[in-house]
Amino acid sequence: MTAPGTAELVELPAPEPGPGQVRLDVLAAGVCHSDLAVMHGGAAARWRLPFTLGHETCGRIAALGEGVEDLTVDEQVVVHAPFGCGRCRRCLSGRTNYCDHRATLPAAGLGLGLDGGMAEAVVVDRARVVSAAGLDPVAAATLTDAGLTSFHAVDGSRVALAEPDALAVVIGVGGLGHLAIGLLRGLGTAVVAVDAREEALDLARECGADVAVLPADADAAVARVASHGADVVFDFAGAQSSLDLAVSLLRTAGELVVVGSGGGTLTVSKPGVLPSGATVRVPFWGSRPELEAVVGVARGGALTPRTTIFPLADAELALARLREGRLVGRAVLVP
Ligand code: NAD
Ligand code: ZN
């Protein structure tokens with residue numbers, strides 16, 4: 001990213017790993033809707049430009065920095081990218097996504113203010129590296145945000161989802177949402193999927209959704225499956241219309257999990273639009289231990305990302321397709 005709203009392919013020297021770091025030859029880098037938010041939104045205003053985008057990275061270790069003795073060259077790994085201060089309690093337990101000092105950090109993560117994975121090579125701290133041996137690198141890259149964020153969001157609702165005959169609704173079946181459906185089906189939860197695009201509904205059915213409908217049909221679809229409404233609604237769009245729909249589908253004491261950053265707002269008041277007993281969560285990304293867990297789920301064959309591969313040279317095209325809503329599943333760049 002060279003200027004607000006602009007991403008360009010440029011030639012840079014290969015980065016050298018410092019002490020405690022490794023250099024990866026990038027095998028695959030996912031393209032996330034958050035990349036568009038970073039390019040066109042306000043977040044990057046706080047960050048130093050230029051930097052290389054890419055917070056979903058799978059690579060092969062190419063060089064070890066001083067003091068890195070427990071990894072070997074050629075190992076295939078993925079990168080846990082959210083930054084933290086590295087010193088607070090949350091960071092020390094691997095939950096850099098909830099660092100106590102997040103608001104004052106100079107960047108939000110690898111590829112989010114500091115050079116990330118949409119490149120031929122990237123340097124990362126050893127502590128960010130998680131083994132991804134044996135996985136397809138293109139699928140593995142998507143696990144680091146689309147997979148990890150979905151896993152963290154679903155895992156946070158595990159008590160509600162354990163209700164007998166629990167119903168989950170997934171709004172927004174894109175890069176993140178389709179993996180959330182896979183994870184929910186892995187738990188045995190019934191899923192109603194909602195998206196504004198027919199091709200996303202086909203993907204939802206492929207991923208195991210019991211019912212997949214356009215927003216206008218969501219009320220009736222949920223009522224058919226569970227007359228009391230949804231135990232948990234995951235909103236992977238976060239737009240005003242999706243949030244309003246999510247609230248209307250919620251059961252009493254249900255959970256609303258807002259993952260998408262589509263700019264919608266929700267007023268919490270009592271009494272108000274939320275049913276009594278409702279919980280609202282706004283999860284962000286996931287921890288390093290959760291990334292290890294989601295890699296384990298994929299290794300066990302229970303999570304299959306749907307991807308469209310673009311050569312790195314076509315990064316701008318991939319971003320444009322994402323912006324236009326013309327992708328199904330996740331776009332992944334391959335150098
Ligand atoms: P995506 O573009 O791949 O998928 C979004 C899907 O939502 C699309 O299929 C689109 O058709 C659908 N959609 C959009 N608006 C809708 C609406 N009003 N009603 C129904 N469907 C609608 O995007 P993605 O990469 O999966 O990211 C999804 C969202 O999550 C983005 O806002 C992104 O910025 C955010 N995100 C949040 C986190 C987090 O940690 N909370 C992490 C990554 C991404
Ligand atoms: Zn911290």
# chains A, B, ... in the order shown; residues from 1 in each chain; ligands from 1

call {"tool": "residues_near_ligand", "arguments": {"ligand": "ligand 2", "cutoff": "7 Å", "atoms": "only C-alpha atoms and all ligand atoms", "output": "list in words"}}
result
Gly84, Cys85, Gly86, Arg87, Cys88, Arg89, Arg90, Cys91, Thr96, Cys99, Asp100, His101 and Arg102 of chain A

call {"tool": "residues_around", "arguments": {"residues": "Glu75 of chain A", "least_positions_apart": "5", "cutoff": "12 Å", "atoms": "only C-alpha atoms", "output": "list in words"}}
result
Val22, Arg23, Leu24, Asp25, Val26, Leu27, Cys58, Gly59, Arg60, Ile61, Ala62, Ala63, Leu64, Asp70, Val129, Val130, Ser131, Ala132, Ala133, Gly134, Leu135 and Pro137 of chain A

call {"tool": "write_last_selection", "arguments": {"atoms": "C-alpha atoms", "output": "tab-separated table (two decimals), in the first residue's frame"}}
result
chain	number	residue	atom	x	y	z
A	22	VAL	CA	12.87	-15.88	10.36
A	23	ARG	CA	12.50	-15.09	6.68
A	24	LEU	CA	9.77	-16.94	4.82
A	25	ASP	CA	9.50	-17.55	1.13
A	26	VAL	CA	5.80	-16.83	0.75
A	27	LEU	CA	3.79	-19.71	-0.72
A	58	CYS	CA	1.69	-19.37	4.52
A	59	GLY	CA	5.37	-19.74	3.71
A	60	ARG	CA	8.45	-21.91	3.77
A	61	ILE	CA	11.27	-20.97	6.15
A	62	ALA	CA	14.14	-19.67	4.02
A	63	ALA	CA	16.53	-18.17	6.60
A	64	LEU	CA	16.89	-18.23	10.37
A	70	ASP	CA	14.10	-24.71	17.19
A	129	VAL	CA	5.29	-18.97	13.37
A	130	VAL	CA	2.96	-21.98	13.61
A	131	SER	CA	3.75	-25.25	11.82
A	132	ALA	CA	1.52	-25.99	8.84
A	133	ALA	CA	3.38	-29.06	7.61
A	134	GLY	CA	1.35	-31.27	5.31
A	135	LEU	CA	-1.38	-28.74	4.55
A	137	PRO	CA	-0.37	-23.87	1.42

call {"tool": "residues_near_ligand", "arguments": {"ligand": "ligand 1", "cutoff": "7 Å", "atoms": "only C-alpha atoms and all ligand atoms", "output": "ChimeraX atom specification"}}
result
/A:32-34,37,145-146,149,171-177,194-197,200,215,236-242,259-262,282-285,322,325,329-330

call {"tool": "write_last_selection", "arguments": {"atoms": "N, CA and C atoms", "output": "compact mmCIF listing (two decimals), in the first residue's frame"}}
result
# COMPACT_ATOMS: atom_id res chain seq x y z
N CYS A 32 -8.22 -10.35 2.21
CA CYS A 32 -9.32 -10.23 3.16
C CYS A 32 -10.09 -8.94 2.90
N HIS A 33 -11.38 -8.95 3.22
CA HIS A 33 -12.16 -7.72 3.08
C HIS A 33 -11.56 -6.59 3.94
N SER A 34 -10.87 -6.98 5.02
CA SER A 34 -10.23 -5.96 5.87
C SER A 34 -9.12 -5.23 5.11
N ALA A 37 -10.80 -2.40 3.74
CA ALA A 37 -11.11 -1.43 4.79
C ALA A 37 -9.85 -0.64 5.14
N ASP A 145 -6.55 -15.93 9.17
CA ASP A 145 -7.53 -14.90 9.55
C ASP A 145 -8.95 -15.42 9.32
N ALA A 146 -9.29 -15.75 8.08
CA ALA A 146 -10.65 -16.23 7.81
C ALA A 146 -10.97 -17.42 8.73
N THR A 149 -10.39 -16.24 12.78
CA THR A 149 -11.43 -15.33 13.27
C THR A 149 -12.76 -16.08 13.42
N ILE A 171 -24.74 -14.76 8.71
CA ILE A 171 -25.04 -13.74 7.69
C ILE A 171 -23.72 -13.31 7.05
N GLY A 172 -23.63 -13.44 5.72
CA GLY A 172 -22.39 -13.09 5.01
C GLY A 172 -21.52 -14.31 4.81
N VAL A 173 -21.67 -14.95 3.64
CA VAL A 173 -20.95 -16.21 3.40
C VAL A 173 -19.80 -15.94 2.43
N GLY A 174 -18.82 -15.16 2.89
CA GLY A 174 -17.64 -14.87 2.09
C GLY A 174 -16.45 -15.65 2.63
N GLY A 175 -15.27 -15.00 2.58
CA GLY A 175 -14.05 -15.67 3.05
C GLY A 175 -14.18 -16.19 4.46
N LEU A 176 -14.72 -15.38 5.37
CA LEU A 176 -14.86 -15.82 6.76
C LEU A 176 -16.09 -16.71 6.94
N GLY A 177 -17.23 -16.23 6.45
CA GLY A 177 -18.50 -16.89 6.74
C GLY A 177 -18.56 -18.34 6.30
N VAL A 194 -27.30 -16.81 5.33
CA VAL A 194 -27.96 -15.70 4.66
C VAL A 194 -26.89 -14.90 3.90
N ASP A 195 -27.15 -14.62 2.64
CA ASP A 195 -26.25 -13.73 1.89
C ASP A 195 -27.07 -13.05 0.81
N ALA A 196 -26.57 -11.91 0.39
CA ALA A 196 -27.28 -11.14 -0.64
C ALA A 196 -26.97 -11.66 -2.05
N ARG A 197 -26.02 -12.62 -2.17
CA ARG A 197 -25.60 -13.11 -3.49
C ARG A 197 -25.93 -14.60 -3.62
N ALA A 200 -23.02 -17.05 -3.31
CA ALA A 200 -22.58 -17.28 -1.92
C ALA A 200 -23.50 -18.29 -1.23
N PRO A 215 -31.54 -12.37 2.20
CA PRO A 215 -31.99 -11.68 3.43
C PRO A 215 -33.51 -11.58 3.56
N PHE A 236 -21.27 -11.61 9.64
CA PHE A 236 -19.98 -11.43 8.98
C PHE A 236 -20.01 -10.29 7.97
N ALA A 237 -21.10 -9.53 7.96
CA ALA A 237 -21.16 -8.35 7.10
C ALA A 237 -21.03 -7.09 7.98
N GLY A 238 -21.83 -7.03 9.03
CA GLY A 238 -21.75 -5.88 9.93
C GLY A 238 -22.33 -4.61 9.33
N ALA A 239 -23.09 -4.76 8.26
CA ALA A 239 -23.76 -3.60 7.64
C ALA A 239 -25.01 -3.27 8.45
N GLN A 240 -25.61 -2.12 8.18
CA GLN A 240 -26.83 -1.77 8.93
C GLN A 240 -27.93 -2.80 8.68
N SER A 241 -28.10 -3.18 7.41
CA SER A 241 -29.20 -4.11 7.10
C SER A 241 -28.95 -5.48 7.72
N SER A 242 -27.69 -5.93 7.73
CA SER A 242 -27.42 -7.26 8.29
C SER A 242 -27.55 -7.25 9.82
N VAL A 259 -18.93 -9.78 13.62
CA VAL A 259 -17.56 -9.94 13.15
C VAL A 259 -17.25 -8.95 12.03
N GLY A 260 -18.22 -8.73 11.15
CA GLY A 260 -18.01 -7.86 10.00
C GLY A 260 -17.90 -6.41 10.42
N SER A 261 -17.10 -5.67 9.65
CA SER A 261 -16.90 -4.26 9.98
C SER A 261 -17.56 -3.37 8.93
N GLY A 262 -18.81 -3.69 8.60
CA GLY A 262 -19.51 -2.99 7.53
C GLY A 262 -20.10 -1.65 7.92
N VAL A 282 -18.23 -8.68 20.08
CA VAL A 282 -17.55 -8.16 18.89
C VAL A 282 -16.14 -8.74 18.87
N PRO A 283 -16.01 -10.03 18.53
CA PRO A 283 -14.70 -10.67 18.60
C PRO A 283 -13.75 -10.10 17.56
N PHE A 284 -12.47 -10.14 17.89
CA PHE A 284 -11.44 -9.67 16.96
C PHE A 284 -10.41 -10.78 16.78
N TRP A 285 -10.29 -11.25 15.54
CA TRP A 285 -9.23 -12.20 15.12
C TRP A 285 -9.16 -13.38 16.10
N LEU A 322 -12.83 -8.56 -5.14
CA LEU A 322 -13.38 -8.61 -3.78
C LEU A 322 -14.27 -7.39 -3.54
N GLY A 325 -17.57 -7.66 -5.08
CA GLY A 325 -18.41 -8.78 -4.62
C GLY A 325 -18.52 -9.87 -5.65
N GLY A 329 -15.89 -17.53 -1.80
CA GLY A 329 -14.87 -18.02 -0.86
C GLY A 329 -13.76 -17.00 -0.72
N ARG A 330 -12.51 -17.48 -0.63
CA ARG A 330 -11.36 -16.61 -0.38
C ARG A 330 -10.47 -16.49 -1.61

call {"tool": "closest_residue", "arguments": {"among": "A:Ile309, A:Ala28, A:Ala3, A:Ala230", "to": "Glu120 of chain A", "atoms": "only C-alpha atoms"}}
result
A:Ala28

call {"tool": "atom_distance", "arguments": {"atom1": "atom CA of Val222 of chain A", "atom2": "atom CA of Leu327 of chain A"}}
result
26.2 Å

call {"tool": "residues_around", "arguments": {"residues": "Ala318 of chain A", "least_positions_apart": "5", "cutoff": "9 Å", "atoms": "only C-alpha atoms", "output": "list in words"}}
result
Val31, Ile309, Phe310, Arg323, Leu327, Ala331, Val332 and Leu333 of chain A

call {"tool": "closest_residue", "arguments": {"among": "A:Ala153, A:Ala221, A:Val159, A:Val38", "to": "Gly109 of chain A", "atoms": "only C-alpha atoms"}}
result
A:Val38

call {"tool": "residues_around", "arguments": {"residues": "Ala190 of chain A", "least_positions_apart": "2", "cutoff": "9 Å", "atoms": "only C-alpha atoms", "output": "ChimeraX atom specification"}}
result
/A:165-169,184-185,188,192,209-211,225

call {"tool": "residues_around", "arguments": {"residues": "segment 115-119 of chain A", "least_positions_apart": "4", "cutoff": "7 Å", "atoms": "only C-alpha atoms", "output": "PyMOL selection string"}}
result
chain A and resi 26+29+51-57+110-111+335
